[in-house]
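Chemist: Enclosed is the structure file run10.cif (mmCIF, N, CA and C atoms and all ligand atoms).
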```cif
data_model
loop_
_atom_site.group_PDB
_atom_site.id
_atom_site.type_symbol
_atom_site.label_atom_id
_atom_site.label_comp_id
_atom_site.auth_asym_id
_atom_site.auth_seq_id
_atom_site.Cartn_x
_atom_site.Cartn_y
_atom_site.Cartn_z
ATOM 1 N N MET A 692 23.302 -33.014 -53.498
ATOM 2 C CA MET A 692 24.216 -32.855 -52.369
ATOM 3 C C MET A 692 23.598 -31.896 -51.349
ATOM 4 N N VAL A 693 23.631 -32.284 -50.082
ATOM 5 C CA VAL A 693 23.114 -31.418 -49.015
ATOM 6 C C VAL A 693 24.306 -30.873 -48.245
ATOM 7 N N ILE A 694 24.403 -29.542 -48.190
ATOM 8 C CA ILE A 694 25.511 -28.929 -47.457
ATOM 9 C C ILE A 694 24.945 -28.218 -46.226
ATOM 10 N N PRO A 695 25.170 -28.771 -45.028
ATOM 11 C CA PRO A 695 24.639 -28.126 -43.826
ATOM 12 C C PRO A 695 25.372 -26.819 -43.536
ATOM 13 N N SER A 696 24.630 -25.874 -42.960
ATOM 14 C CA SER A 696 25.230 -24.587 -42.642
ATOM 15 C C SER A 696 25.457 -24.482 -41.135
ATOM 16 N N LEU A 697 26.677 -24.210 -40.748
ATOM 17 C CA LEU A 697 27.030 -24.186 -39.326
ATOM 18 C C LEU A 697 26.321 -23.083 -38.563
ATOM 19 N N TYR A 698 26.223 -21.892 -39.162
ATOM 20 C CA TYR A 698 25.743 -20.744 -38.392
ATOM 21 C C TYR A 698 24.330 -20.952 -37.834
ATOM 22 N N PRO A 699 23.305 -21.231 -38.699
ATOM 23 C CA PRO A 699 21.965 -21.415 -38.130
ATOM 24 C C PRO A 699 21.894 -22.606 -37.186
ATOM 25 N N SER A 700 22.685 -23.618 -37.445
ATOM 26 C CA SER A 700 22.667 -24.793 -36.577
ATOM 27 C C SER A 700 23.209 -24.455 -35.185
ATOM 28 N N LEU A 701 24.297 -23.681 -35.158
ATOM 29 C CA LEU A 701 24.922 -23.336 -33.876
ATOM 30 C C LEU A 701 24.216 -22.183 -33.164
ATOM 31 N N GLN A 702 23.352 -21.461 -33.906
ATOM 32 C CA GLN A 702 22.619 -20.341 -33.297
ATOM 33 C C GLN A 702 21.162 -20.706 -33.037
ATOM 34 N N ASP A 703 20.811 -21.976 -33.152
ATOM 35 C CA ASP A 703 19.426 -22.398 -32.986
ATOM 36 C C ASP A 703 18.965 -22.155 -31.542
ATOM 37 N N PRO A 704 18.031 -21.196 -31.323
ATOM 38 C CA PRO A 704 17.637 -20.851 -29.958
ATOM 39 C C PRO A 704 16.898 -21.974 -29.237
ATOM 40 N N GLU A 705 16.343 -22.939 -29.997
ATOM 41 C CA GLU A 705 15.663 -24.058 -29.333
ATOM 42 C C GLU A 705 16.672 -24.985 -28.664
ATOM 43 N N VAL A 706 17.879 -25.015 -29.202
ATOM 44 C CA VAL A 706 18.923 -25.874 -28.630
ATOM 45 C C VAL A 706 19.858 -25.064 -27.734
ATOM 46 N N TYR A 707 20.154 -23.834 -28.170
ATOM 47 C CA TYR A 707 21.040 -22.950 -27.399
ATOM 48 C C TYR A 707 20.287 -21.652 -27.084
ATOM 49 N N PRO A 708 19.486 -21.625 -25.998
ATOM 50 C CA PRO A 708 18.767 -20.391 -25.654
ATOM 51 C C PRO A 708 19.754 -19.223 -25.536
ATOM 52 N N ASN A 709 19.330 -18.043 -25.962
ATOM 53 C CA ASN A 709 20.192 -16.858 -26.016
ATOM 54 C C ASN A 709 21.503 -17.195 -26.743
ATOM 55 N N PRO A 710 21.402 -17.621 -28.003
ATOM 56 C CA PRO A 710 22.587 -18.141 -28.697
ATOM 57 C C PRO A 710 23.714 -17.127 -28.872
ATOM 58 N N ASP A 711 23.393 -15.829 -28.838
ATOM 59 C CA ASP A 711 24.449 -14.831 -29.035
ATOM 60 C C ASP A 711 25.231 -14.544 -27.760
ATOM 61 N N GLN A 712 24.765 -15.106 -26.649
ATOM 62 C CA GLN A 712 25.474 -14.857 -25.398
ATOM 63 C C GLN A 712 26.462 -15.976 -25.091
ATOM 64 N N PHE A 713 27.584 -15.589 -24.499
ATOM 65 C CA PHE A 713 28.607 -16.556 -24.105
ATOM 66 C C PHE A 713 28.182 -17.212 -22.800
ATOM 67 N N ILE A 714 27.616 -18.416 -22.907
ATOM 68 C CA ILE A 714 27.118 -19.122 -21.718
ATOM 69 C C ILE A 714 27.712 -20.530 -21.723
ATOM 70 N N PRO A 715 28.974 -20.667 -21.338
ATOM 71 C CA PRO A 715 29.578 -22.010 -21.368
ATOM 72 C C PRO A 715 28.882 -22.993 -20.445
ATOM 73 N N GLU A 716 28.159 -22.463 -19.425
ATOM 74 C CA GLU A 716 27.452 -23.350 -18.485
ATOM 75 C C GLU A 716 26.383 -24.178 -19.190
ATOM 76 N N ARG A 717 25.988 -23.761 -20.413
ATOM 77 C CA ARG A 717 24.954 -24.513 -21.117
ATOM 78 C C ARG A 717 25.418 -25.943 -21.415
ATOM 79 N N TRP A 718 26.729 -26.152 -21.331
ATOM 80 C CA TRP A 718 27.269 -27.483 -21.622
ATOM 81 C C TRP A 718 27.449 -28.334 -20.363
ATOM 82 N N LEU A 719 27.173 -27.784 -19.189
ATOM 83 C CA LEU A 719 27.442 -28.527 -17.960
ATOM 84 C C LEU A 719 26.428 -29.641 -17.688
ATOM 85 N N ASP A 720 25.160 -29.416 -18.058
ATOM 86 C CA ASP A 720 24.120 -30.399 -17.762
ATOM 87 C C ASP A 720 24.086 -31.471 -18.861
ATOM 88 N N PRO A 721 24.438 -32.715 -18.525
ATOM 89 C CA PRO A 721 24.441 -33.772 -19.547
ATOM 90 C C PRO A 721 23.064 -33.973 -20.176
ATOM 91 N N ASN A 722 22.003 -33.612 -19.428
ATOM 92 C CA ASN A 722 20.647 -33.778 -19.954
ATOM 93 C C ASN A 722 20.077 -32.477 -20.522
ATOM 94 N N GLY A 723 20.906 -31.426 -20.578
ATOM 95 C CA GLY A 723 20.463 -30.142 -21.105
ATOM 96 C C GLY A 723 20.376 -30.149 -22.626
ATOM 97 N N ASN A 724 19.742 -29.105 -23.178
ATOM 98 C CA ASN A 724 19.525 -29.028 -24.628
ATOM 99 C C ASN A 724 20.810 -29.149 -25.431
ATOM 100 N N ALA A 725 21.873 -28.477 -24.987
ATOM 101 C CA ALA A 725 23.110 -28.475 -25.764
ATOM 102 C C ALA A 725 23.674 -29.888 -25.923
ATOM 103 N N ASN A 726 23.661 -30.635 -24.822
ATOM 104 C CA ASN A 726 24.260 -31.975 -24.864
ATOM 105 C C ASN A 726 23.348 -33.048 -25.452
ATOM 106 N N THR A 727 22.040 -32.796 -25.453
ATOM 107 C CA THR A 727 21.137 -33.829 -25.982
ATOM 108 C C THR A 727 20.798 -33.599 -27.455
ATOM 109 N N ASN A 728 21.406 -32.561 -28.053
ATOM 110 C CA ASN A 728 21.219 -32.317 -29.491
ATOM 111 C C ASN A 728 22.570 -32.231 -30.189
ATOM 112 N N PRO A 729 23.364 -33.308 -30.145
ATOM 113 C CA PRO A 729 24.730 -33.246 -30.670
ATOM 114 C C PRO A 729 24.791 -32.928 -32.167
ATOM 115 N N LYS A 730 23.703 -33.203 -32.896
ATOM 116 C CA LYS A 730 23.750 -32.950 -34.338
ATOM 117 C C LYS A 730 23.766 -31.460 -34.659
ATOM 118 N N ASN A 731 23.355 -30.636 -33.673
ATOM 119 C CA ASN A 731 23.422 -29.190 -33.913
ATOM 120 C C ASN A 731 24.862 -28.679 -33.863
ATOM 121 N N TYR A 732 25.696 -29.364 -33.103
ATOM 122 C CA TYR A 732 27.073 -28.902 -32.909
ATOM 123 C C TYR A 732 27.938 -29.413 -34.067
ATOM 124 N N LEU A 733 27.920 -28.645 -35.168
ATOM 125 C CA LEU A 733 28.572 -29.111 -36.400
ATOM 126 C C LEU A 733 30.021 -28.672 -36.526
ATOM 127 N N VAL A 734 30.580 -28.095 -35.482
ATOM 128 C CA VAL A 734 31.960 -27.604 -35.563
ATOM 129 C C VAL A 734 32.911 -28.717 -36.013
ATOM 130 N N TYR A 735 32.684 -29.910 -35.518
ATOM 131 C CA TYR A 735 33.539 -31.051 -35.869
ATOM 132 C C TYR A 735 32.794 -32.047 -36.754
ATOM 133 N N GLY A 736 31.740 -31.599 -37.383
ATOM 134 C CA GLY A 736 30.957 -32.484 -38.214
ATOM 135 C C GLY A 736 30.035 -33.349 -37.380
ATOM 136 N N SER A 737 29.351 -34.274 -38.035
ATOM 137 C CA SER A 737 28.413 -35.145 -37.343
ATOM 138 C C SER A 737 28.287 -36.447 -38.119
ATOM 139 N N GLY A 738 27.918 -37.506 -37.420
ATOM 140 C CA GLY A 738 27.700 -38.769 -38.113
ATOM 141 C C GLY A 738 28.981 -39.565 -38.288
ATOM 142 N N PRO A 739 28.969 -40.525 -39.213
ATOM 143 C CA PRO A 739 30.082 -41.463 -39.348
ATOM 144 C C PRO A 739 31.429 -40.794 -39.629
ATOM 145 N N HIS A 740 31.411 -39.616 -40.263
ATOM 146 C CA HIS A 740 32.678 -38.948 -40.591
ATOM 147 C C HIS A 740 33.010 -37.797 -39.656
ATOM 148 N N ARG A 741 32.353 -37.821 -38.489
ATOM 149 C CA ARG A 741 32.657 -36.802 -37.475
ATOM 150 C C ARG A 741 34.160 -36.831 -37.161
ATOM 151 N N CYS A 742 34.708 -35.667 -36.894
ATOM 152 C CA CYS A 742 36.152 -35.533 -36.652
ATOM 153 C C CYS A 742 36.658 -36.486 -35.559
ATOM 154 N N ILE A 743 37.684 -37.244 -35.874
ATOM 155 C CA ILE A 743 38.238 -38.140 -34.855
ATOM 156 C C ILE A 743 39.198 -37.395 -33.930
ATOM 157 N N GLY A 744 39.548 -36.136 -34.295
ATOM 158 C CA GLY A 744 40.486 -35.370 -33.479
ATOM 159 C C GLY A 744 39.804 -34.421 -32.510
ATOM 160 N N GLN A 745 38.448 -34.524 -32.379
ATOM 161 C CA GLN A 745 37.702 -33.538 -31.582
ATOM 162 C C GLN A 745 38.218 -33.430 -30.147
ATOM 163 N N GLU A 746 38.292 -34.547 -29.438
ATOM 164 C CA GLU A 746 38.718 -34.497 -28.034
ATOM 165 C C GLU A 746 40.156 -34.000 -27.936
ATOM 166 N N TYR A 747 40.991 -34.470 -28.854
ATOM 167 C CA TYR A 747 42.400 -34.056 -28.879
ATOM 168 C C TYR A 747 42.509 -32.543 -29.107
ATOM 169 N N ALA A 748 41.752 -32.047 -30.100
ATOM 170 C CA ALA A 748 41.792 -30.620 -30.427
ATOM 171 C C ALA A 748 41.266 -29.781 -29.260
ATOM 172 N N ASN A 749 40.144 -30.223 -28.654
ATOM 173 C CA ASN A 749 39.582 -29.463 -27.538
ATOM 174 C C ASN A 749 40.544 -29.400 -26.353
ATOM 175 N N MET A 750 41.237 -30.505 -26.089
ATOM 176 C CA MET A 750 42.206 -30.493 -24.990
ATOM 177 C C MET A 750 43.337 -29.503 -25.279
ATOM 178 N N HIS A 751 43.809 -29.485 -26.534
ATOM 179 C CA HIS A 751 44.876 -28.567 -26.898
ATOM 180 C C HIS A 751 44.430 -27.111 -26.781
ATOM 181 N N ILE A 752 43.200 -26.848 -27.251
ATOM 182 C CA ILE A 752 42.679 -25.478 -27.194
ATOM 183 C C ILE A 752 42.558 -25.040 -25.734
ATOM 184 N N GLY A 753 42.018 -25.943 -24.882
ATOM 185 C CA GLY A 753 41.883 -25.637 -23.456
ATOM 186 C C GLY A 753 43.231 -25.372 -22.816
ATOM 187 N N LEU A 754 44.203 -26.215 -23.141
ATOM 188 C CA LEU A 754 45.541 -26.070 -22.562
ATOM 189 C C LEU A 754 46.208 -24.778 -23.036
ATOM 190 N N LEU A 755 46.031 -24.467 -24.320
ATOM 191 C CA LEU A 755 46.599 -23.236 -24.871
ATOM 192 C C LEU A 755 46.006 -22.008 -24.170
ATOM 193 N N LEU A 756 44.661 -22.001 -24.015
ATOM 194 C CA LEU A 756 44.010 -20.862 -23.356
ATOM 195 C C LEU A 756 44.456 -20.755 -21.903
ATOM 196 N N ALA A 757 44.530 -21.902 -21.213
ATOM 197 C CA ALA A 757 44.950 -21.883 -19.807
ATOM 198 C C ALA A 757 46.375 -21.341 -19.688
ATOM 199 N N THR A 758 47.265 -21.776 -20.572
ATOM 200 C CA THR A 758 48.646 -21.294 -20.549
ATOM 201 C C THR A 758 48.694 -19.799 -20.830
ATOM 202 N N ALA A 759 47.911 -19.356 -21.818
ATOM 203 C CA ALA A 759 47.898 -17.935 -22.172
ATOM 204 C C ALA A 759 47.387 -17.083 -21.015
ATOM 205 N N VAL A 760 46.324 -17.557 -20.335
ATOM 206 C CA VAL A 760 45.751 -16.802 -19.219
ATOM 207 C C VAL A 760 46.777 -16.658 -18.097
ATOM 208 N N VAL A 761 47.564 -17.705 -17.865
ATOM 209 C CA VAL A 761 48.565 -17.664 -16.794
ATOM 210 C C VAL A 761 49.723 -16.744 -17.174
ATOM 211 N N MET A 762 50.105 -16.741 -18.454
ATOM 212 C CA MET A 762 51.326 -16.043 -18.857
ATOM 213 C C MET A 762 51.114 -14.610 -19.360
ATOM 214 N N MET A 763 49.873 -14.250 -19.704
ATOM 215 C CA MET A 763 49.654 -12.948 -20.331
ATOM 216 C C MET A 763 48.647 -12.095 -19.556
ATOM 217 N N ASP A 764 48.735 -10.790 -19.749
ATOM 218 C CA ASP A 764 47.713 -9.887 -19.237
ATOM 219 C C ASP A 764 46.828 -9.466 -20.399
ATOM 220 N N PHE A 765 45.526 -9.725 -20.285
ATOM 221 C CA PHE A 765 44.622 -9.364 -21.372
ATOM 222 C C PHE A 765 43.930 -8.043 -21.092
ATOM 223 N N GLU A 766 43.723 -7.269 -22.138
ATOM 224 C CA GLU A 766 42.943 -6.050 -22.026
ATOM 225 C C GLU A 766 42.042 -5.988 -23.254
ATOM 226 N N HIS A 767 40.740 -5.798 -23.035
ATOM 227 C CA HIS A 767 39.800 -5.796 -24.148
ATOM 228 C C HIS A 767 39.612 -4.383 -24.683
ATOM 229 N N HIS A 768 40.035 -4.148 -25.922
ATOM 230 C CA HIS A 768 39.819 -2.851 -26.567
ATOM 231 C C HIS A 768 38.639 -2.983 -27.512
ATOM 232 N N ARG A 769 37.480 -2.474 -27.104
ATOM 233 C CA ARG A 769 36.279 -2.569 -27.941
ATOM 234 C C ARG A 769 36.340 -1.505 -29.032
ATOM 235 N N THR A 770 36.046 -1.905 -30.271
ATOM 236 C CA THR A 770 36.005 -0.951 -31.379
ATOM 237 C C THR A 770 34.568 -0.862 -31.894
ATOM 238 N N GLU A 771 34.316 0.038 -32.860
ATOM 239 C CA GLU A 771 32.959 0.197 -33.399
ATOM 240 C C GLU A 771 32.457 -1.090 -34.045
ATOM 241 N N THR A 772 33.376 -1.863 -34.587
ATOM 242 C CA THR A 772 32.949 -3.085 -35.295
ATOM 243 C C THR A 772 33.162 -4.363 -34.483
ATOM 244 N N SER A 773 33.537 -4.217 -33.220
ATOM 245 C CA SER A 773 33.815 -5.393 -32.381
ATOM 246 C C SER A 773 32.654 -6.382 -32.331
ATOM 247 N N ASP A 774 31.427 -5.862 -32.266
ATOM 248 C CA ASP A 774 30.277 -6.738 -32.048
ATOM 249 C C ASP A 774 29.589 -7.174 -33.335
ATOM 250 N N GLU A 775 30.156 -6.779 -34.486
ATOM 251 C CA GLU A 775 29.533 -7.166 -35.753
ATOM 252 C C GLU A 775 29.873 -8.607 -36.096
ATOM 253 N N ILE A 776 28.850 -9.332 -36.518
ATOM 254 C CA ILE A 776 29.066 -10.727 -36.910
ATOM 255 C C ILE A 776 28.955 -10.828 -38.422
ATOM 256 N N GLU A 777 29.933 -11.438 -39.054
ATOM 257 C CA GLU A 777 29.864 -11.617 -40.515
ATOM 258 C C GLU A 777 29.646 -13.078 -40.829
HETATM 259 C C1 LIG B 801 39.939 -27.318 -34.172
HETATM 260 C C2 LIG B 801 40.379 -28.416 -34.810
HETATM 261 C C3 LIG B 801 39.541 -29.252 -35.740
HETATM 262 C C4 LIG B 801 38.367 -28.982 -36.364
HETATM 263 C C5 LIG B 801 37.499 -27.724 -36.279
HETATM 264 C C6 LIG B 801 38.031 -30.145 -37.157
HETATM 265 C C7 LIG B 801 36.877 -30.283 -37.943
HETATM 266 C C8 LIG B 801 36.537 -31.420 -38.648
HETATM 267 C C9 LIG B 801 35.304 -31.613 -39.359
HETATM 268 C C10 LIG B 801 34.183 -30.579 -39.513
HETATM 269 C C11 LIG B 801 35.307 -32.858 -39.885
HETATM 270 C C12 LIG B 801 34.171 -33.543 -40.671
HETATM 271 C C13 LIG B 801 34.333 -33.409 -42.157
HETATM 272 C C14 LIG B 801 33.172 -34.126 -42.850
HETATM 273 O O1 LIG B 801 32.043 -34.129 -42.355
HETATM 274 O O2 LIG B 801 33.410 -34.675 -43.911
HETATM 275 C C15 LIG B 801 36.573 -33.471 -39.524
HETATM 276 C C16 LIG B 801 36.961 -34.723 -39.889
HETATM 277 C C17 LIG B 801 38.178 -35.296 -39.562
HETATM 278 N N1 LIG B 801 39.110 -34.781 -38.706
HETATM 279 FE FE1 LIG B 801 39.053 -32.969 -37.815
HETATM 280 N N2 LIG B 801 39.023 -31.086 -37.000
HETATM 281 C C18 LIG B 801 39.950 -30.584 -36.128
HETATM 282 C C19 LIG B 801 41.089 -31.239 -35.665
HETATM 283 C C20 LIG B 801 41.491 -32.490 -36.043
HETATM 284 C C21 LIG B 801 42.693 -33.173 -35.540
HETATM 285 C C22 LIG B 801 43.645 -32.589 -34.500
HETATM 286 C C23 LIG B 801 42.730 -34.381 -36.162
HETATM 287 C C24 LIG B 801 43.756 -35.493 -36.049
HETATM 288 C C25 LIG B 801 44.652 -35.571 -35.067
HETATM 289 C C26 LIG B 801 41.598 -34.475 -37.064
HETATM 290 C C27 LIG B 801 41.318 -35.523 -37.867
HETATM 291 C C28 LIG B 801 40.169 -35.658 -38.639
HETATM 292 C C29 LIG B 801 39.898 -36.803 -39.504
HETATM 293 C C30 LIG B 801 40.807 -38.009 -39.740
HETATM 294 C C31 LIG B 801 38.639 -36.570 -40.080
HETATM 295 C C32 LIG B 801 37.896 -37.483 -41.061
HETATM 296 C C33 LIG B 801 37.016 -38.453 -40.338
HETATM 297 C C34 LIG B 801 36.252 -39.323 -41.331
HETATM 298 O O3 LIG B 801 36.100 -38.944 -42.486
HETATM 299 O O4 LIG B 801 35.800 -40.403 -40.912
HETATM 300 N N3 LIG B 801 40.863 -33.306 -36.950
HETATM 301 N N4 LIG B 801 37.299 -32.583 -38.759
#
```
Could you express the structure from this file as structure tokens?
Ligand code: HEM

Modeler:
Amino acid sequence: MVIPSLYPSLQDPEVYPNPDQFIPERWLDPNGNANTNPKNYLVYGSGPHRCIGQEYANMHIGLLLATAVVMMDFEHHRTETSDEIE
């Protein structure tokens, strides 16, 4: 049995340059590395059993965030462990 690991796949610098940085623009270019290497994006799986709810889930997440941004005031409280990745 082969169990793929999400973390190294999603942090692969050849596909996602500066993988630790929040750069949503990396997804804008249809011919860019992020979009031309869909097998690296394992959040919803890959291949024949890839999640059928991906577009539905992404729309809901986007709508939820948009609603939250409109209705709430955010303030970022950085702590000593804020930047630690487990
Ligand atoms: C953030 C939300 C979601 C995440 C992260 C997620 C993630 C995944 C992943 C990783 C797989 C692949 C499992 C594998 O390779 O065996 C999968 C499969 C699947 N997902 Fe999702 N999912 C989400 C939401 C949804 C929603 C909203 C639906 C339905 C409305 C859904 C329906 C399915 C189904 C039916 C499969 C099985 C597809 C198959 O085996 O052919 N998922 N999901």

Chemist: Would you work out the distance separating CA of Gln702 in chain A from atom O3 of ligand LIG 801 (chain B), expressed in Å to one decimal?

Modeler: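 The value is 24.7 Å.
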
Chemist: Determine the residue set returned by the PyMOL selection byres (((not hetatm)) within 7 of (chain B and resi 801)) for the present structure, and present it as a PyMOL selection string.

Modeler: chain A and resi 733-737+739-745+747-749

Chemist: Residues of chain A in alpha helix (DSSP H) according to DSSP, as a ChimeraX atom specification?

Modeler: /A:697-701,724-727,745-762

Chemist: List the spatial neighbours of Asn724 in chain A as a list in words - criterion: any atom at most 8 Å away, only N, CA and C atoms, same-chain residues fewer than 6 positions off excluded.

Modeler: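 The filter keeps Glu705, Val706, Tyr707, Pro708, Arg717 and Trp718 of chain A.
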
Chemist: What does the distance between CA of Pro699 in chain A and CA of Met750 in chain A come to in Å, to one decimal place?

Modeler: 25.8 Å

Chemist: Expressed in Å to a single decimal, how great is the separation between CA of Tyr732 in chain A and CA of Pro695 in chain A?

Modeler: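 Between CA of Tyr732 in chain A and CA of Pro695 in chain A the gap is 11.2 Å.
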